[in-house]
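Take a look at the structure below.
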Amino acid sequence: MKIILNGKPFETQYLRLFEIRDKYFDSACITILNGFQTSDNLTVKDGDIVSIIKKGVMPPKEELESLMAARHTPKVHDTVKKARVAVCGLGGLGSNIAVMLARTGVGYLKLIDFDIVEPSNLNRQSYYVEHLGMFKTDALKEQIKRINPFIEVCCETDKITDENCTQLLSDCDIICEAFDNPETKAMLTERALSDFPDKKLVCGSGMAGFESSNKIVTKKIMKNLYICGDGESEARPGNGLMAPRVSVCAGHQANMILRLIMENEEP
């Protein structure tokens, strides 16, 4: 019987998952069969994809990719790995979106922001005390490398303007808008739709406070333009930007990007 074991063709006479694990690894390993982590001694069939990973050990690139492919299913992983996404603005939305896309296995992430990490960011953004004073691009790249060191991360530590927007975004298939400035949001949206009619644009609008998370939705506004949020709530005294609701909106944006990568465009 031939299977795929940790990303490589493998011939075995054993028909049970734990028989393979115990013969070539040990019982403390994580076992994944066709994308599902399991603690059951399941039957293995010809052509199955098996990943067996030692706990607490960084596997080689081939094994790590095999593990991610197994968890996402090979077809999904292969498609996501080829995607090129620009995340514009690395605050509460963008920093969390970038981390989610990294965990999803997006192969190329362009991170665009000119700002540094400040104490006021720590309540909702994906940064830590040790990142204070660092450029957000550098701090986020460091995190992503700890999540998946094989993702290509391109940092543009610059402010997006009407003059440089086209050049900064030209090499990505999907553009994620995650700014907190209305004028910059409008500029990016107008420029992206005008200069890149075939690119997909995913924006955020309305996620402040602690209203019901069910009000945050994803809507297709027009061809290639998607907006996530409640479309209403904005930060003001007594209604600040809080981690739970910001993260819910970031999740909507990241999930919409994944759907676009997989060509499942209806929100």
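Please note that chains go A, B, ... in the order of the structure tokens, that every chain numbers its residues from 1, and that ligands are numbered from 1 in the order shown.
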Inset, instruction - Would you list the contacts of Val76 in chain A as a PyMOL selection string, taking every protein, DNA or RNA residue within 10 Å and counting only C-alpha atoms, but skipping same-chain residues closer than 3 positions in sequence? - result: chain A and resi 68-73+79-81+104-105+258+261-262
Now that the selection is made, can you save its residues with all heavy atoms as a CSV table (one decimal), in the first residue's frame?
chain,number,residue,atom,x,y,z
A,68,MET,N,0.5,21.5,7.2
A,68,MET,CA,-0.5,22.5,6.9
A,68,MET,C,-1.4,22.1,5.8
A,68,MET,O,-2.6,22.3,5.8
A,68,MET,CB,0.3,23.8,6.5
A,68,MET,CG,1.0,24.4,7.7
A,68,MET,SD,1.7,26.1,7.3
A,68,MET,CE,0.2,27.0,7.2
A,69,ALA,N,-0.8,21.4,4.8
A,69,ALA,CA,-1.6,20.9,3.7
A,69,ALA,C,-2.6,19.9,4.2
A,69,ALA,O,-3.8,19.9,3.8
A,69,ALA,CB,-0.7,20.3,2.6
A,70,ALA,N,-2.2,19.1,5.1
A,70,ALA,CA,-3.1,18.1,5.7
A,70,ALA,C,-4.3,18.7,6.4
A,70,ALA,O,-5.4,18.3,6.4
A,70,ALA,CB,-2.4,17.1,6.6
A,71,ARG,N,-3.9,19.7,7.2
A,71,ARG,CA,-5.0,20.4,8.0
A,71,ARG,C,-5.9,21.2,7.1
A,71,ARG,O,-7.1,21.3,7.4
A,71,ARG,CB,-4.3,21.4,9.0
A,71,ARG,CG,-3.6,20.6,10.1
A,71,ARG,CD,-4.5,19.8,10.9
A,71,ARG,NE,-5.2,20.5,12.0
A,71,ARG,CZ,-6.2,20.0,12.7
A,71,ARG,NH1,-6.7,18.8,12.4
A,71,ARG,NH2,-6.8,20.8,13.6
A,72,HIS,N,-5.4,21.8,6.0
A,72,HIS,CA,-6.3,22.6,5.2
A,72,HIS,C,-6.9,21.8,4.0
A,72,HIS,O,-7.8,22.4,3.3
A,72,HIS,CB,-5.4,23.8,4.5
A,72,HIS,CG,-5.0,24.8,5.6
A,72,HIS,ND1,-3.8,25.5,5.4
A,72,HIS,CD2,-5.5,25.2,6.7
A,72,HIS,CE1,-3.7,26.3,6.5
A,72,HIS,NE2,-4.7,26.1,7.3
A,73,THR,N,-6.4,20.6,3.8
A,73,THR,CA,-6.6,19.7,2.7
A,73,THR,C,-5.7,20.2,1.6
A,73,THR,O,-5.5,21.4,1.4
A,73,THR,CB,-8.1,19.7,2.1
A,73,THR,OG1,-8.4,20.8,1.5
A,73,THR,CG2,-9.1,19.4,3.2
A,79,THR,N,-3.6,26.1,-3.2
A,79,THR,CA,-4.1,27.4,-3.8
A,79,THR,C,-3.8,28.6,-2.9
A,79,THR,O,-3.3,29.6,-3.4
A,79,THR,CB,-5.6,27.3,-3.9
A,79,THR,OG1,-6.0,26.1,-4.7
A,79,THR,CG2,-6.2,28.5,-4.5
A,80,VAL,N,-3.9,28.4,-1.6
A,80,VAL,CA,-3.6,29.5,-0.7
A,80,VAL,C,-2.1,29.9,-0.7
A,80,VAL,O,-1.8,31.1,-0.6
A,80,VAL,CB,-4.1,29.2,0.7
A,80,VAL,CG1,-3.6,30.2,1.7
A,80,VAL,CG2,-5.6,29.0,0.8
A,81,LYS,N,-1.3,28.9,-0.9
A,81,LYS,CA,0.1,29.1,-0.9
A,81,LYS,C,0.6,30.0,-2.0
A,81,LYS,O,1.5,30.7,-2.0
A,81,LYS,CB,0.8,27.8,-0.9
A,81,LYS,CG,2.4,27.8,-0.9
A,81,LYS,CD,2.9,26.4,-1.0
A,81,LYS,CE,4.5,26.5,-1.2
A,81,LYS,NZ,5.0,25.1,-1.4
A,104,THR,N,-3.2,30.8,7.9
A,104,THR,CA,-3.9,30.2,6.8
A,104,THR,C,-2.9,29.7,5.7
A,104,THR,O,-3.3,28.8,4.9
A,104,THR,CB,-5.0,31.1,6.2
A,104,THR,OG1,-5.8,31.6,7.3
A,104,THR,CG2,-5.8,30.4,5.2
A,105,GLY,N,-1.7,30.2,5.7
A,105,GLY,CA,-0.7,29.7,4.8
A,105,GLY,C,-0.6,30.5,3.5
A,105,GLY,O,0.0,30.0,2.5
A,258,LEU,N,-9.8,34.7,2.1
A,258,LEU,CA,-9.7,33.3,1.9
A,258,LEU,C,-10.7,32.8,0.8
A,258,LEU,O,-10.4,32.1,-0.1
A,258,LEU,CB,-9.8,32.5,3.2
A,258,LEU,CG,-9.8,31.0,3.0
A,258,LEU,CD1,-8.5,30.5,2.4
A,258,LEU,CD2,-10.0,30.3,4.4
A,261,ILE,N,-9.6,33.9,-2.5
A,261,ILE,CA,-8.5,33.1,-3.0
A,261,ILE,C,-9.0,31.8,-3.6
A,261,ILE,O,-8.5,31.3,-4.6
A,261,ILE,CB,-7.5,32.8,-1.9
A,261,ILE,CG1,-6.8,34.1,-1.4
A,261,ILE,CG2,-6.5,31.7,-2.2
A,261,ILE,CD1,-5.9,34.0,-0.2
A,262,MET,N,-10.0,31.2,-2.9
A,262,MET,CA,-10.6,30.0,-3.3
A,262,MET,C,-11.7,30.1,-4.4
A,262,MET,O,-12.4,29.2,-4.7
A,262,MET,CB,-11.2,29.2,-2.1
A,262,MET,CG,-10.1,28.9,-1.0
A,262,MET,SD,-8.7,27.9,-1.7
A,262,MET,CE,-9.5,26.5,-2.4
Inset, instruction - Apply DSSP to the backbone of this structure and, from range 29-241 of chain A, keep only the residues in alpha helix (DSSP H); write these as a PyMOL selection string. - result: chain A and resi 61-72+74-81+92-104+136-147+165-169+182-195
Legend entry - Which of range 55-87 of chain A DSSP labels strand (DSSP E or B), written as an MDAnalysis selection string: chainID A and resid 84:87
Inset, instruction - Please provide as a list of chain:residue names all residues within 8 Å of Gly204 in chain A, with the sequence filter that same-chain residues fewer than 2 positions apart are discarded (counting only C-alpha atoms). - result: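 Those residues are A:Leu93, A:Glu177, A:Ala178, A:Phe179, A:Val202, A:Gly206, A:Ile227, A:Cys228, A:Gly229, A:Cys249, A:Ala250, A:Gln253.
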Legend entry - Spatial neighbours of range 191-195 of chain A, 12 Å, only C-alpha atoms, chain gap at least 2 places, as a ChimeraX atom specification: /A:86,88,160-170,172-177,184-189,197-203,222-226
Inset, instruction - Using only C-alpha atoms, determine which residues lie at most 12 Å from Thr12 in chain A, disregarding the query and same-chain residues fewer than 4 positions distant; provide the list as a list in words. - result: Met1, Lys2, Ile3, Ile4, Leu5, Arg16, Leu17, Glu19, Ile20, Arg21, Lys23, Tyr24, Val44, Lys45, Asp46, Gly47, Asp48 and Val50 of chain A
Same residues, N, CA and C atoms, output as a PDB file, in the first residue's frame:
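Here's the written file result.pdb:
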ATOM      1  N   MET A   1       0.846  -1.185   0.000  1.00  0.00           N
ATOM      2  CA  MET A   1       0.000   0.000   0.000  1.00  0.00           C
ATOM      3  C   MET A   1       0.887   1.243   0.000  1.00  0.00           C
ATOM      4  N   LYS A   2       0.518   2.229  -0.829  1.00  0.00           N
ATOM      5  CA  LYS A   2       1.278   3.473  -0.911  1.00  0.00           C
ATOM      6  C   LYS A   2       0.460   4.621  -0.336  1.00  0.00           C
ATOM      7  N   ILE A   3       1.108   5.396   0.525  1.00  0.00           N
ATOM      8  CA  ILE A   3       0.491   6.576   1.106  1.00  0.00           C
ATOM      9  C   ILE A   3       1.437   7.755   0.946  1.00  0.00           C
ATOM     10  N   ILE A   4       0.992   8.932   1.343  1.00  0.00           N
ATOM     11  CA  ILE A   4       1.861  10.106   1.428  1.00  0.00           C
ATOM     12  C   ILE A   4       2.118  10.334   2.905  1.00  0.00           C
ATOM     13  N   LEU A   5       3.349  10.163   3.329  1.00  0.00           N
ATOM     14  CA  LEU A   5       3.715  10.327   4.735  1.00  0.00           C
ATOM     15  C   LEU A   5       4.612  11.552   4.883  1.00  0.00           C
ATOM     16  N   ARG A  16      -3.242   0.271   9.938  1.00  0.00           N
ATOM     17  CA  ARG A  16      -3.812   1.119  10.976  1.00  0.00           C
ATOM     18  C   ARG A  16      -2.871   2.292  11.247  1.00  0.00           C
ATOM     19  N   LEU A  17      -3.462   3.442  11.555  1.00  0.00           N
ATOM     20  CA  LEU A  17      -2.696   4.669  11.723  1.00  0.00           C
ATOM     21  C   LEU A  17      -1.646   4.542  12.817  1.00  0.00           C
ATOM     22  N   GLU A  19      -0.242   1.890  13.954  1.00  0.00           N
ATOM     23  CA  GLU A  19       0.809   0.936  13.604  1.00  0.00           C
ATOM     24  C   GLU A  19       1.942   1.655  12.852  1.00  0.00           C
ATOM     25  N   ILE A  20       1.556   2.547  11.952  1.00  0.00           N
ATOM     26  CA  ILE A  20       2.556   3.329  11.220  1.00  0.00           C
ATOM     27  C   ILE A  20       3.282   4.267  12.175  1.00  0.00           C
ATOM     28  N   ARG A  21       2.509   4.931  13.023  1.00  0.00           N
ATOM     29  CA  ARG A  21       3.109   5.878  13.969  1.00  0.00           C
ATOM     30  C   ARG A  21       4.107   5.186  14.889  1.00  0.00           C
ATOM     31  N   LYS A  23       5.656   2.360  14.603  1.00  0.00           N
ATOM     32  CA  LYS A  23       6.767   1.696  13.933  1.00  0.00           C
ATOM     33  C   LYS A  23       7.876   2.688  13.592  1.00  0.00           C
ATOM     34  N   TYR A  24       7.488   3.876  13.124  1.00  0.00           N
ATOM     35  CA  TYR A  24       8.486   4.795  12.610  1.00  0.00           C
ATOM     36  C   TYR A  24       8.665   6.056  13.466  1.00  0.00           C
ATOM     37  N   VAL A  44      -6.021   2.998   7.460  1.00  0.00           N
ATOM     38  CA  VAL A  44      -5.352   3.764   6.416  1.00  0.00           C
ATOM     39  C   VAL A  44      -5.543   3.052   5.087  1.00  0.00           C
ATOM     40  N   LYS A  45      -5.919   3.830   4.064  1.00  0.00           N
ATOM     41  CA  LYS A  45      -6.167   3.257   2.745  1.00  0.00           C
ATOM     42  C   LYS A  45      -5.128   3.746   1.748  1.00  0.00           C
ATOM     43  N   ASP A  46      -5.037   3.047   0.657  1.00  0.00           N
ATOM     44  CA  ASP A  46      -4.088   3.392  -0.396  1.00  0.00           C
ATOM     45  C   ASP A  46      -4.340   4.832  -0.860  1.00  0.00           C
ATOM     46  N   GLY A  47      -3.273   5.646  -0.926  1.00  0.00           N
ATOM     47  CA  GLY A  47      -3.381   7.023  -1.379  1.00  0.00           C
ATOM     48  C   GLY A  47      -3.687   8.031  -0.295  1.00  0.00           C
ATOM     49  N   ASP A  48      -3.907   7.567   0.945  1.00  0.00           N
ATOM     50  CA  ASP A  48      -4.186   8.492   2.042  1.00  0.00           C
ATOM     51  C   ASP A  48      -2.984   9.386   2.335  1.00  0.00           C
ATOM     52  N   VAL A  50      -0.951  11.083   5.293  1.00  0.00           N
ATOM     53  CA  VAL A  50      -0.716  10.934   6.728  1.00  0.00           C
ATOM     54  C   VAL A  50       0.398  11.894   7.145  1.00  0.00           C
TER      55      VAL A  50
END
Inset, instruction - Kindly give the distance, in Å, that separates CA of Gly35 in chain A and CA of Lys75 in chain A, rounded to a single decimal. - result: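 Separation between CA of Gly35 in chain A and CA of Lys75 in chain A: 11.0 Å.
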Legend entry - Residue neighbourhood Glu62 in chain A, 9 Å, only C-alpha atoms, exclusion window fewer than 5 positions, as a ChimeraX atom specification: /A:6-8,67
Generate a file of the selected residues that holds N, CA, C and O atoms, formatted as a PDB file, in the first residue's frame.
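And here is the file that came out, selection-v1.pdb:
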ATOM      1  N   ASN A   6       4.128  12.546   5.593  1.00  0.00           N
ATOM      2  CA  ASN A   6       4.872  13.797   5.796  1.00  0.00           C
ATOM      3  C   ASN A   6       5.372  14.385   4.486  1.00  0.00           C
ATOM      4  O   ASN A   6       6.506  14.844   4.367  1.00  0.00           O
ATOM      5  N   GLY A   7       4.483  14.350   3.486  1.00  0.00           N
ATOM      6  CA  GLY A   7       4.767  15.005   2.215  1.00  0.00           C
ATOM      7  C   GLY A   7       5.509  14.177   1.199  1.00  0.00           C
ATOM      8  O   GLY A   7       5.752  14.650   0.091  1.00  0.00           O
ATOM      9  N   LYS A   8       5.859  12.930   1.526  1.00  0.00           N
ATOM     10  CA  LYS A   8       6.632  12.110   0.594  1.00  0.00           C
ATOM     11  C   LYS A   8       5.940  10.764   0.368  1.00  0.00           C
ATOM     12  O   LYS A   8       5.319  10.217   1.285  1.00  0.00           O
ATOM     13  N   LEU A  67       2.108  19.154   6.951  1.00  0.00           N
ATOM     14  CA  LEU A  67       1.175  19.270   8.063  1.00  0.00           C
ATOM     15  C   LEU A  67       0.104  20.309   7.753  1.00  0.00           C
ATOM     16  O   LEU A  67      -1.088  20.070   7.967  1.00  0.00           O
TER      17      LEU A  67
END
Legend entry - A:Ser126, A:Ala139, A:Gly89, A:Lys215 ranked by distance to Asn181 in chain A, top pick (using only C-alpha atoms):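 For Asn181 in chain A, the nearest of the candidates is A:Gly89.
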Legend entry - Residue with smallest distance to Lys141 in chain A - pool A:Glu118, A:Pro182, A:Asp230, A:Leu90, counting only C-alpha atoms: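 Ranked by minimum distance to Lys141 in chain A, first place goes to A:Leu90.
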Inset, instruction - Excluding Thr38 in chain A and residues on its chain fewer than 5 positions from it, collect all residues at most 12 Å away from it, counting only C-alpha atoms, and give them as an NGL selection string. - result: :A and (17-18 or 29-33 or 43 or 50-52 or 71)
